[in-house]
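For reference, coords.json (JSON, C-alpha atoms and all ligand atoms):
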[["chain", "number", "residue", "atom", "x", "y", "z"],
["A", 125, "MET", "CA", -10.40, 32.75, -16.75],
["A", 126, "LEU", "CA", -7.96, 30.34, -15.12],
["A", 127, "GLY", "CA", -7.53, 26.59, -15.47],
["A", 128, "GLY", "CA", -6.61, 24.09, -12.78],
["A", 129, "ILE", "CA", -5.77, 20.40, -12.94],
["A", 130, "GLU", "CA", -5.80, 18.10, -9.95],
["A", 131, "ALA", "CA", -3.69, 15.33, -11.47],
["A", 132, "GLY", "CA", -4.22, 12.20, -9.41],
["A", 133, "GLY", "CA", -2.96, 8.69, -9.91],
["A", 134, "THR", "CA", -6.50, 7.42, -10.51],
["A", 135, "LYS", "CA", -8.36, 10.47, -11.79],
["A", 136, "PHE", "CA", -7.86, 13.93, -13.23],
["A", 137, "VAL", "CA", -10.12, 16.79, -12.13],
["A", 138, "CYS", "CA", -9.99, 19.82, -14.43],
["A", 139, "GLY", "CA", -11.55, 23.13, -13.48],
["A", 140, "ALA", "CA", -12.04, 26.47, -15.21],
["A", 141, "GLY", "CA", -12.96, 29.66, -13.38],
["A", 142, "SER", "CA", -11.49, 31.95, -10.74],
["A", 143, "GLY", "CA", -12.51, 30.38, -7.42],
["A", 144, "PRO", "CA", -15.13, 28.37, -5.48],
["A", 145, "GLU", "CA", -18.02, 30.57, -6.68],
["A", 146, "ASP", "CA", -17.62, 30.07, -10.40],
["A", 147, "ILE", "CA", -15.42, 27.00, -10.94],
["A", 148, "HIS", "CA", -16.70, 24.54, -13.51],
["A", 149, "THR", "CA", -15.14, 21.07, -13.29],
["A", 150, "VAL", "CA", -14.95, 17.81, -15.20],
["A", 151, "GLN", "CA", -13.19, 14.60, -14.23],
["A", 152, "PHE", "CA", -11.96, 11.50, -16.01],
["A", 153, "PRO", "CA", -9.78, 8.46, -15.20],
["A", 154, "THR", "CA", -5.99, 8.74, -15.42],
["A", 155, "THR", "CA", -4.89, 6.51, -18.32],
["A", 156, "SER", "CA", -1.82, 7.01, -20.53],
["A", 157, "PRO", "CA", -0.20, 10.47, -20.38],
["A", 158, "GLN", "CA", -1.04, 11.14, -24.04],
["A", 159, "GLU", "CA", -4.74, 10.28, -23.72],
["A", 160, "THR", "CA", -5.21, 11.95, -20.34],
["A", 161, "ILE", "CA", -3.46, 15.19, -21.31],
["A", 162, "ALA", "CA", -5.45, 15.31, -24.59],
["A", 163, "GLN", "CA", -8.71, 15.18, -22.61],
["A", 164, "ALA", "CA", -7.56, 17.96, -20.29],
["A", 165, "VAL", "CA", -6.39, 20.11, -23.22],
["A", 166, "ALA", "CA", -9.74, 19.67, -25.01],
["A", 167, "PHE", "CA", -11.59, 20.86, -21.89],
["A", 168, "PHE", "CA", -9.41, 23.95, -21.47],
["A", 169, "GLN", "CA", -9.66, 24.86, -25.16],
["A", 170, "GLN", "CA", -13.44, 25.19, -24.69],
["A", 171, "HIS", "CA", -12.91, 27.66, -21.85],
["A", 172, "SER", "CA", -10.09, 29.76, -23.31],
["A", 173, "VAL", "CA", -8.06, 29.88, -20.11],
["A", 174, "GLN", "CA", -5.17, 32.36, -19.70],
["A", 175, "ALA", "CA", -2.98, 30.13, -17.52],
["A", 176, "ILE", "CA", -2.97, 26.64, -16.06],
["A", 177, "GLY", "CA", -2.01, 25.37, -12.62],
["A", 178, "ILE", "CA", -1.36, 21.68, -11.99],
["A", 179, "GLY", "CA", -1.42, 20.01, -8.58],
["A", 180, "SER", "CA", 0.05, 16.62, -9.36],
["A", 181, "PHE", "CA", 0.64, 13.24, -7.81],
["A", 182, "GLY", "CA", 4.33, 12.69, -7.50],
["A", 183, "PRO", "CA", 7.05, 12.91, -6.71],
["A", 184, "VAL", "CA", 7.46, 15.82, -9.11],
["A", 185, "ASP", "CA", 10.60, 17.80, -9.93],
["A", 186, "LEU", "CA", 9.95, 21.44, -9.02],
["A", 187, "ASP", "CA", 13.52, 22.72, -8.98],
["A", 188, "GLU", "CA", 14.16, 25.12, -11.86],
["A", 189, "ARG", "CA", 17.84, 24.23, -11.67],
["A", 190, "SER", "CA", 17.15, 20.55, -12.27],
["A", 191, "PRO", "CA", 17.15, 18.98, -15.77],
["A", 192, "GLY", "CA", 13.89, 17.18, -14.93],
["A", 193, "PHE", "CA", 12.07, 20.41, -13.95],
["A", 194, "GLY", "CA", 8.30, 20.10, -14.52],
["A", 195, "SER", "CA", 8.24, 16.29, -14.64],
["A", 196, "ILE", "CA", 6.77, 13.53, -12.58],
["A", 197, "THR", "CA", 9.87, 11.62, -11.45],
["A", 198, "SER", "CA", 9.60, 8.09, -10.04],
["A", 199, "THR", "CA", 6.16, 6.51, -10.31],
["A", 200, "PRO", "CA", 5.06, 2.93, -10.92],
["A", 201, "LYS", "CA", 2.26, 4.27, -13.15],
["A", 202, "PRO", "CA", 3.02, 3.08, -16.72],
["A", 203, "GLY", "CA", 4.14, 5.90, -19.03],
["A", 204, "TRP", "CA", 4.22, 8.61, -16.39],
["A", 205, "GLU", "CA", 7.77, 8.18, -15.11],
["A", 206, "ASN", "CA", 9.87, 11.22, -16.15],
["A", 207, "PHE", "CA", 6.88, 12.59, -18.07],
["A", 208, "SER", "CA", 6.97, 16.38, -18.33],
["A", 209, "ILE", "CA", 3.37, 17.12, -17.41],
["A", 210, "ALA", "CA", 3.95, 20.88, -17.25],
["A", 211, "GLY", "CA", 5.71, 20.85, -20.62],
["A", 212, "ALA", "CA", 2.99, 18.78, -22.30],
["A", 213, "VAL", "CA", 0.14, 21.00, -21.10],
["A", 214, "GLY", "CA", 2.04, 24.23, -21.79],
["A", 215, "SER", "CA", 3.02, 23.36, -25.34],
["A", 216, "ALA", "CA", -0.49, 22.12, -26.22],
["A", 217, "LEU", "CA", -2.26, 25.24, -24.91],
["A", 218, "GLY", "CA", 0.40, 27.94, -25.34],
["A", 219, "VAL", "CA", -0.31, 29.52, -21.94],
["A", 220, "PRO", "CA", 1.81, 29.85, -18.78],
["A", 221, "VAL", "CA", 1.78, 26.72, -16.61],
["A", 222, "ALA", "CA", 2.66, 26.28, -12.95],
["A", 223, "LEU", "CA", 3.22, 22.84, -11.48],
["A", 224, "ASP", "CA", 3.24, 21.81, -7.84],
["A", 225, "THR", "CA", 2.29, 18.82, -5.73],
["A", 226, "ASP", "CA", -1.32, 17.87, -5.04],
["A", 227, "THR", "CA", -0.83, 18.60, -1.35],
["A", 228, "ASN", "CA", 0.73, 22.01, -1.98],
["A", 229, "ALA", "CA", -2.27, 22.81, -4.20],
["A", 230, "ALA", "CA", -4.64, 21.73, -1.42],
["A", 231, "LEU", "CA", -2.72, 23.93, 1.01],
["A", 232, "LEU", "CA", -2.99, 26.95, -1.31],
["A", 233, "ALA", "CA", -6.76, 26.48, -1.52],
["A", 234, "GLU", "CA", -7.24, 25.94, 2.22],
["A", 235, "ALA", "CA", -5.11, 29.03, 2.92],
["A", 236, "ARG", "CA", -7.14, 31.16, 0.46],
["A", 237, "TRP", "CA", -10.71, 29.96, 0.99],
["A", 238, "GLY", "CA", -10.74, 27.20, 3.59],
["A", 239, "ALA", "CA", -9.60, 26.04, 7.01],
["A", 240, "ALA", "CA", -6.43, 28.20, 7.08],
["A", 241, "ALA", "CA", -7.92, 31.27, 5.38],
["A", 242, "GLY", "CA", -6.00, 34.41, 6.19],
["A", 243, "LEU", "CA", -2.97, 32.61, 7.63],
["A", 244, "ALA", "CA", 0.42, 33.08, 5.99],
["A", 245, "ASP", "CA", 2.06, 30.18, 7.86],
["A", 246, "ALA", "CA", 0.21, 26.89, 7.60],
["A", 247, "LEU", "CA", 0.62, 23.21, 6.98],
["A", 248, "TYR", "CA", -1.57, 20.76, 5.07],
["A", 249, "ILE", "CA", -1.12, 17.03, 5.56],
["A", 250, "THR", "CA", -2.99, 14.16, 3.96],
["A", 251, "VAL", "CA", -3.18, 10.79, 5.68],
["A", 252, "GLY", "CA", -4.39, 8.31, 3.09],
["A", 253, "THR", "CA", -2.71, 5.66, 0.95],
["A", 254, "GLY", "CA", 0.44, 7.57, 1.78],
["A", 255, "ILE", "CA", 1.21, 10.54, 3.97],
["A", 256, "GLY", "CA", 2.23, 13.78, 2.31],
["A", 257, "GLY", "CA", 1.95, 17.45, 2.84],
["A", 258, "GLY", "CA", 3.07, 20.95, 2.19],
["A", 259, "ALA", "CA", 4.00, 24.00, 4.19],
["A", 260, "MET", "CA", 3.52, 27.72, 3.66],
["A", 261, "ALA", "CA", 5.75, 30.27, 5.35],
["A", 262, "ASN", "CA", 5.25, 34.02, 4.97],
["A", 263, "GLY", "CA", 2.53, 33.32, 2.40],
["A", 264, "LYS", "CA", 4.80, 31.26, 0.14],
["A", 265, "LEU", "CA", 4.99, 27.52, -0.32],
["A", 266, "ILE", "CA", 8.25, 26.05, 0.91],
["A", 267, "HIS", "CA", 10.34, 24.64, -1.93],
["A", 268, "GLY", "CA", 14.00, 23.88, -2.22],
["A", 269, "LEU", "CA", 16.02, 20.99, -3.46],
["A", 270, "MET", "CA", 12.81, 18.97, -3.59],
["A", 271, "HIS", "CA", 9.24, 19.38, -2.38],
["A", 272, "LEU", "CA", 8.67, 18.52, 1.25],
["A", 273, "GLU", "CA", 8.46, 14.78, 1.98],
["A", 274, "ILE", "CA", 6.95, 14.90, 5.43],
["A", 275, "GLY", "CA", 5.47, 11.42, 5.13],
["A", 276, "HIS", "CA", 8.98, 10.04, 5.52],
["A", 277, "LEU", "CA", 9.87, 11.71, 8.82],
["A", 278, "LEU", "CA", 11.63, 9.24, 11.07],
["A", 279, "LEU", "CA", 10.02, 8.84, 14.46],
["A", 280, "PRO", "CA", 10.76, 7.04, 17.69],
["A", 281, "HIS", "CA", 9.21, 3.56, 17.35],
["A", 282, "ASP", "CA", 8.93, 1.42, 20.47],
["A", 283, "LEU", "CA", 8.97, -2.13, 19.12],
["A", 284, "LYS", "CA", 7.84, -3.49, 22.48],
["A", 285, "LEU", "CA", 4.64, -1.44, 22.35],
["A", 286, "ASP", "CA", 4.17, -1.76, 18.59],
["A", 287, "PRO", "CA", 6.04, -4.68, 16.99],
["A", 288, "PHE", "CA", 4.67, -3.84, 13.51],
["A", 289, "PRO", "CA", 7.84, -3.31, 11.43],
["A", 290, "GLY", "CA", 6.35, -0.63, 9.16],
["A", 291, "ARG", "CA", 5.86, -0.86, 5.41],
["A", 292, "CYS", "CA", 7.77, 1.93, 3.72],
["A", 293, "PRO", "CA", 9.97, 0.29, 1.06],
["A", 294, "TYR", "CA", 12.76, 2.80, 1.83],
["A", 295, "HIS", "CA", 12.64, 3.25, 5.62],
["A", 296, "HIS", "CA", 10.21, 0.65, 6.98],
["A", 297, "ASP", "CA", 9.02, 2.56, 10.05],
["A", 298, "CYS", "CA", 8.90, 6.19, 8.93],
["A", 299, "LEU", "CA", 5.66, 8.12, 9.59],
["A", 300, "GLU", "CA", 4.03, 6.84, 6.40],
["A", 301, "GLY", "CA", 5.31, 3.30, 6.99],
["A", 302, "LEU", "CA", 3.70, 3.27, 10.44],
["A", 303, "ALA", "CA", 0.60, 5.41, 10.07],
["A", 304, "ALA", "CA", -0.77, 5.61, 6.49],
["A", 305, "GLY", "CA", -3.99, 3.73, 5.73],
["A", 306, "PRO", "CA", -2.26, 0.57, 4.38],
["A", 307, "ALA", "CA", -0.04, 0.38, 7.52],
["A", 308, "ILE", "CA", -3.13, 0.46, 9.76],
["A", 309, "ALA", "CA", -4.74, -2.28, 7.66],
["A", 310, "ALA", "CA", -1.61, -4.46, 7.70],
["A", 311, "ARG", "CA", -1.02, -4.04, 11.45],
["A", 312, "TRP", "CA", -4.58, -4.88, 12.51],
["A", 313, "GLY", "CA", -5.59, -7.24, 9.71],
["A", 314, "MET", "CA", -8.53, -5.18, 8.50],
["A", 315, "PRO", "CA", -9.08, -1.89, 6.66],
["A", 316, "ALA", "CA", -8.96, 1.23, 8.84],
["A", 317, "ILE", "CA", -12.54, 2.06, 7.94],
["A", 318, "ASN", "CA", -13.70, -1.15, 9.71],
["A", 319, "LEU", "CA", -11.99, -0.38, 13.04],
["A", 320, "GLU", "CA", -14.37, 0.81, 15.79],
["A", 321, "PRO", "CA", -13.56, 4.18, 17.40],
["A", 322, "SER", "CA", -12.76, 2.29, 20.65],
["A", 323, "HIS", "CA", -10.14, 0.10, 18.91],
["A", 324, "PRO", "CA", -6.52, 0.44, 20.19],
["A", 325, "ALA", "CA", -5.51, 1.23, 16.61],
["A", 326, "TRP", "CA", -6.64, 4.82, 17.09],
["A", 327, "PRO", "CA", -4.60, 5.93, 20.13],
["A", 328, "LEU", "CA", -1.54, 4.41, 18.41],
["A", 329, "GLU", "CA", -2.38, 6.21, 15.17],
["A", 330, "ALA", "CA", -2.81, 9.46, 17.10],
["A", 331, "HIS", "CA", 0.55, 8.88, 18.79],
["A", 332, "TYR", "CA", 2.44, 8.62, 15.49],
["A", 333, "LEU", "CA", 0.61, 11.52, 13.89],
["A", 334, "ALA", "CA", 1.17, 13.68, 16.99],
["A", 335, "LEU", "CA", 4.91, 12.84, 16.93],
["A", 336, "GLY", "CA", 5.01, 14.01, 13.31],
["A", 337, "LEU", "CA", 3.07, 17.18, 14.11],
["A", 338, "ILE", "CA", 5.35, 18.01, 17.04],
["A", 339, "ASN", "CA", 8.40, 17.76, 14.78],
["A", 340, "LEU", "CA", 6.74, 19.84, 12.08],
["A", 341, "THR", "CA", 5.52, 22.47, 14.53],
["A", 342, "LEU", "CA", 8.98, 22.82, 16.04],
["A", 343, "ALA", "CA", 10.77, 22.88, 12.68],
["A", 344, "LEU", "CA", 8.38, 24.96, 10.55],
["A", 345, "SER", "CA", 6.37, 27.04, 13.04],
["A", 346, "PRO", "CA", 2.99, 26.92, 11.31],
["A", 347, "ARG", "CA", 0.05, 28.89, 12.73],
["A", 348, "ARG", "CA", -2.37, 26.07, 11.89],
["A", 349, "ILE", "CA", -2.21, 22.45, 10.67],
["A", 350, "VAL", "CA", -4.93, 21.09, 8.38],
["A", 351, "LEU", "CA", -5.24, 17.29, 8.36],
["A", 352, "GLY", "CA", -7.06, 15.66, 5.44],
["A", 353, "GLY", "CA", -7.15, 12.34, 3.55],
["A", 354, "GLY", "CA", -9.14, 9.15, 3.95],
["A", 355, "VAL", "CA", -7.88, 8.15, 7.39],
["A", 356, "MET", "CA", -8.79, 11.58, 8.80],
["A", 357, "GLN", "CA", -12.44, 10.88, 7.93],
["A", 358, "GLN", "CA", -12.32, 9.30, 11.41],
["A", 359, "MET", "CA", -13.26, 12.53, 13.13],
["A", 360, "HIS", "CA", -12.65, 11.09, 16.62],
["A", 361, "LEU", "CA", -8.94, 11.02, 15.72],
["A", 362, "PHE", "CA", -8.69, 14.81, 15.96],
["A", 363, "ASP", "CA", -9.20, 14.96, 19.73],
["A", 364, "LEU", "CA", -6.88, 12.00, 20.25],
["A", 365, "ILE", "CA", -4.16, 13.73, 18.20],
["A", 366, "ARG", "CA", -4.62, 17.06, 20.02],
["A", 367, "ALA", "CA", -4.37, 15.38, 23.43],
["A", 368, "GLU", "CA", -1.29, 13.40, 22.44],
["A", 369, "PHE", "CA", 0.27, 16.52, 20.89],
["A", 370, "ALA", "CA", -0.19, 18.37, 24.21],
["A", 371, "ARG", "CA", 1.22, 15.42, 26.17],
["A", 372, "LEU", "CA", 4.31, 15.14, 23.97],
["A", 373, "MET", "CA", 4.93, 18.90, 23.84],
["A", 374, "ASN", "CA", 4.79, 18.82, 27.64],
["A", 375, "GLY", "CA", 4.30, 22.56, 28.02],
["A", 376, "TYR", "CA", 7.48, 23.58, 26.22],
["A", 377, "ILE", "CA", 5.86, 26.00, 23.73],
["A", 378, "ARG", "CA", 3.60, 28.33, 25.72],
["A", 379, "ARG", "CA", 1.68, 30.06, 22.93],
["A", 380, "ARG", "CA", -2.10, 29.70, 23.42],
["A", 381, "GLU", "CA", -2.44, 28.33, 19.87],
["A", 382, "VAL", "CA", -0.64, 25.14, 20.89],
["A", 383, "THR", "CA", -1.91, 24.95, 24.47],
["A", 384, "GLU", "CA", -5.52, 25.86, 25.24],
["A", 385, "GLN", "CA", -6.56, 26.46, 21.61],
["A", 386, "LEU", "CA", -5.48, 23.19, 20.02],
["A", 387, "GLU", "CA", -8.96, 22.69, 18.53],
["A", 388, "ASN", "CA", -8.10, 25.65, 16.26],
["A", 389, "TYR", "CA", -4.54, 24.47, 15.64],
["A", 390, "ILE", "CA", -5.06, 20.92, 14.41],
["A", 391, "VAL", "CA", -8.14, 21.07, 12.19],
["A", 392, "PRO", "CA", -9.98, 19.23, 9.39],
["A", 393, "PRO", "CA", -10.05, 20.68, 5.86],
["A", 394, "ALA", "CA", -12.92, 22.95, 4.84],
["A", 395, "LEU", "CA", -12.92, 22.43, 1.07],
["A", 396, "GLN", "CA", -13.06, 18.63, 1.09],
["A", 397, "GLY", "CA", -12.81, 17.10, -2.37],
["A", 398, "ARG", "CA", -12.41, 20.47, -4.12],
["A", 399, "ALA", "CA", -9.18, 21.65, -2.48],
["A", 400, "GLY", "CA", -6.85, 20.17, -5.11],
["A", 401, "VAL", "CA", -8.53, 21.68, -8.14],
["A", 402, "LEU", "CA", -9.18, 25.03, -6.41],
["A", 403, "GLY", "CA", -5.55, 25.24, -5.33],
["A", 404, "SER", "CA", -4.54, 24.59, -8.91],
["A", 405, "LEU", "CA", -6.41, 27.78, -9.85],
["A", 406, "VAL", "CA", -4.22, 29.63, -7.33],
["A", 407, "LEU", "CA", -1.17, 28.11, -9.03],
["A", 408, "ALA", "CA", -2.54, 29.30, -12.39],
["A", 409, "GLU", "CA", -2.94, 32.82, -11.00],
["A", 410, "GLN", "CA", 0.71, 32.73, -9.90],
["A", 411, "ALA", "CA", 1.79, 31.49, -13.34],
["A", 412, "LEU", "CA", -0.07, 34.35, -14.99],
["A", 413, "ALA", "CA", 1.38, 36.93, -12.59],
["A", 414, "SER", "CA", 4.95, 35.79, -13.17],
["A", 415, "ALA", "CA", 4.46, 35.71, -16.95],
["A", 416, "GLN", "CA", 3.18, 39.30, -17.08],
["A", 417, "PRO", "CA", 5.66, 42.10, -16.50],
["A", 418, "ALA", "CA", 4.63, 44.14, -13.45],
["B", 501, "LIG", "P1", -5.39, 8.54, -1.60],
["B", 501, "LIG", "O1", -4.44, 8.72, -0.48],
["B", 501, "LIG", "O2", -5.14, 7.26, -2.35],
["B", 501, "LIG", "O3", -5.52, 9.74, -2.48],
["B", 501, "LIG", "P2", -7.47, 8.60, 0.41],
["B", 501, "LIG", "O4", -7.03, 9.89, 0.98],
["B", 501, "LIG", "O5", -8.93, 8.35, 0.29],
["B", 501, "LIG", "O6", -6.86, 8.35, -1.02],
["B", 501, "LIG", "O7", -6.83, 7.47, 1.31],
["B", 501, "LIG", "C1", -7.11, 6.12, 1.14],
["B", 501, "LIG", "C2", -6.72, 5.40, 2.42],
["B", 501, "LIG", "O8", -7.52, 5.89, 3.49],
["B", 501, "LIG", "C3", -6.94, 3.90, 2.38],
["B", 501, "LIG", "O9", -5.85, 3.26, 3.04],
["B", 501, "LIG", "C4", -8.24, 3.70, 3.14],
["B", 501, "LIG", "O10", -8.24, 2.47, 3.83],
["B", 501, "LIG", "C5", -8.22, 4.85, 4.12],
["B", 501, "LIG", "N1", -9.58, 5.34, 4.38],
["B", 501, "LIG", "C6", -10.46, 5.83, 3.48],
["B", 501, "LIG", "N2", -11.61, 6.18, 4.08],
["B", 501, "LIG", "C7", -11.45, 5.93, 5.39],
["B", 501, "LIG", "C8", -12.28, 6.07, 6.55],
["B", 501, "LIG", "N3", -13.51, 6.57, 6.48],
["B", 501, "LIG", "N4", -11.77, 5.70, 7.73],
["B", 501, "LIG", "C9", -10.52, 5.20, 7.83],
["B", 501, "LIG", "N5", -9.71, 5.03, 6.79],
["B", 501, "LIG", "C10", -10.16, 5.38, 5.59],
["B", 502, "ZN", "ZN", 9.61, 6.22, 4.26]]

Could you write out this file's structure as structure tokens?
Amino acid sequence: MLGGIEAGGTKFVCGAGSGPEDIHTVQFPTTSPQETIAQAVAFFQQHSVQAIGIGSFGPVDLDERSPGFGSITSTPKPGWENFSIAGAVGSALGVPVALDTDTNAALLAEARWGAAAGLADALYITVGTGIGGGAMANGKLIHGLMHLEIGHLLLPHDLKLDPFPGRCPYHHDCLEGLAAGPAIAARWGMPAINLEPSHPAWPLEAHYLALGLINLTLALSPRRIVLGGGVMQQMHLFDLIRAEFARLMNGYIRRREVTEQLENYIVPPALQGRAGVLGSLVLAEQALASAQPA
């Protein structure tokens, strides 16, 4: 029996089980760290789990060589800044704990049971309030100094075509600053969900997302890219992104996956709202495996 937590800024989803067939979940609002963790711990005590995985909002410190390892780092959420979420859960339950980002958890689930099943090299990107994502290479999540921050890729931005300055507090017109849901709303003066499919917002959105995907494809060489999040509920965006991706790539990479088979390369998620908590079970499995001597 494994436990998974999808730790979001507004809600926590806790699950116990081994996968999509048998997972049992509960959810509750994210309040103070003490109260929220106590609710999660009470749920897992009822299910006697052997290990816990946490896919968390962030940024989180995942570098074992860093003094803040296992903590949420900079967040405006009261009480959560520098809170050691992995430490709190681990010491309350006395079981191995693995922590990663919410998007890395979603990627693990999509690569095990969903839209990238069977692929060892894949990318998962969410386009929502922010833009974030994770990458898997050779079956392992990419980590390093920090977790990937692909929402902040810097892109060419033609101010004559798109005078919107962008809204990232650090970079203004990075990918997230130009293309996350709040940027669309600010540029066009209405929420993205209210924009008709024929609105010029969408080809522009597809342009920025395709620029990001070109850079990621060239740098990380994924075999498939899964695009999720609120903005990607606009299913017509997928074909716009694929066409713009092909136009920008301009025939340079000749593999069929990124030429005639783009409908299998840039794809929607398969697990929808359950990817985060299911991926946290995969993290729990990894925590258990590394705690047990082979
Ligand atoms: P979060 O990123 O906060 O976890 P979401 O992935 O749902 O949550 O993203 C929320 C953002 O997505 C908001 O900016 C919202 O306007 C936008 N959004 C949500 N649903 C849709 C939709 N159906 N079409 C377009 N934009 C949407
Ligand atoms: Zn930025």

Using only C-alpha atoms, the residue out of A:Lys201, A:Arg366, A:Arg347, A:His281 with shortest distance to A:Leu386 is A:Arg366

Could you list the protein, DNA and RNA residues that have any atom within 6 Å of ligand LIG 501 (chain B), counting all atoms listed in the file, and write them as number ranges by chain?
A: 252-254, 305-306, 315-317, 353-355, 357-358

Residues within 9 Å of ligand ZN 502 (chain B) (all atoms listed in the file), as JSON, numbers by chain?
{"A": [273, 275, 276, 277, 278, 291, 292, 293, 294, 295, 296, 297, 298, 299, 300, 301]}

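Using all atoms listed in the file, the residues found no farther than 12 Å from A:Ala241, other than those of its own chain fewer than 2 positions away, are Leu231, Leu232, Ala233, Glu234, Ala235, Arg236, Trp237, Gly238, Ala239, Leu243, Ala244, Asp245, Ala246, Leu247, Gly263, Arg347, Arg348, Ile349, Val350, Pro393, Ala394 and Leu395 of chain A.
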
Just the residues within 12 Å of A:Gly214, please, counting only C-alpha atoms, with nothing from its chain fewer than 2 positions along; format it as a PyMOL selection string.
chain A and resi 127+161-162+164-165+168+173-178+194+208-212+216-223+408+411

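Note that atom CA of A:Pro417 and atom CA of A:Gln170 are 26.8 Å apart.
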
Compile the contact shell of stretch 147-152 of chain A as an MDAnalysis selection string: residues with an atom at most 7 Å away, counting all atoms listed in the file, same-chain residues fewer than 4 positions apart removed.
chainID A and resid 135:143

So the first atom is atom CA of A:Leu351 and the second is atom CA of A:Met270; what is the distance between them in Å, to one decimal place?
21.7 Å

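For the pair atom CA of A:Leu272 and atom CA of A:Arg371, the separation is 26.2 Å.
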
Could you work out an axis-aligned bounding box for all listed atoms of stretch 391-409 of chain A, with 4 Å added on each of the six sides, and give its centre and edge lengths in Å to one decimal, as JSON?
{"center_x": -7.1, "center_y": 25.0, "center_z": -0.1, "size_x": 19.9, "size_y": 23.7, "size_z": 32.6}

Quick one: everything within 8 Å of stretch 333-342 of chain A, counting all atoms listed in the file, minus sequence neighbours fewer than 2 positions away in the same chain. Send it as a PyMOL selection string.
chain A and resi 277+279+299+303+329-331+344-346+365-366+368-369+372-373

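For the choices A:Ala166, A:Ala261, A:Ile390, A:Ile377, the atom-to-atom distance to A:Phe362 is smallest for A:Ile390 when using only C-alpha atoms.
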
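Each of A:Thr383, A:Thr227, A:Thr199, A:Ser322 was checked against A:His360 using all atoms listed in the file; the smallest atom-to-atom distance is that of A:Ser322.
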
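The residue that comes closest to A:Leu402, out of A:Asn388, A:Asn228, A:Asn374, A:Thr160 and on the basis of all atoms listed in the file, is A:Asn228.
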
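Nearest residue to A:Leu126 among A:Ser172, A:Pro327, A:Gln163, A:Tyr332 is A:Ser172, counting all atoms listed in the file.
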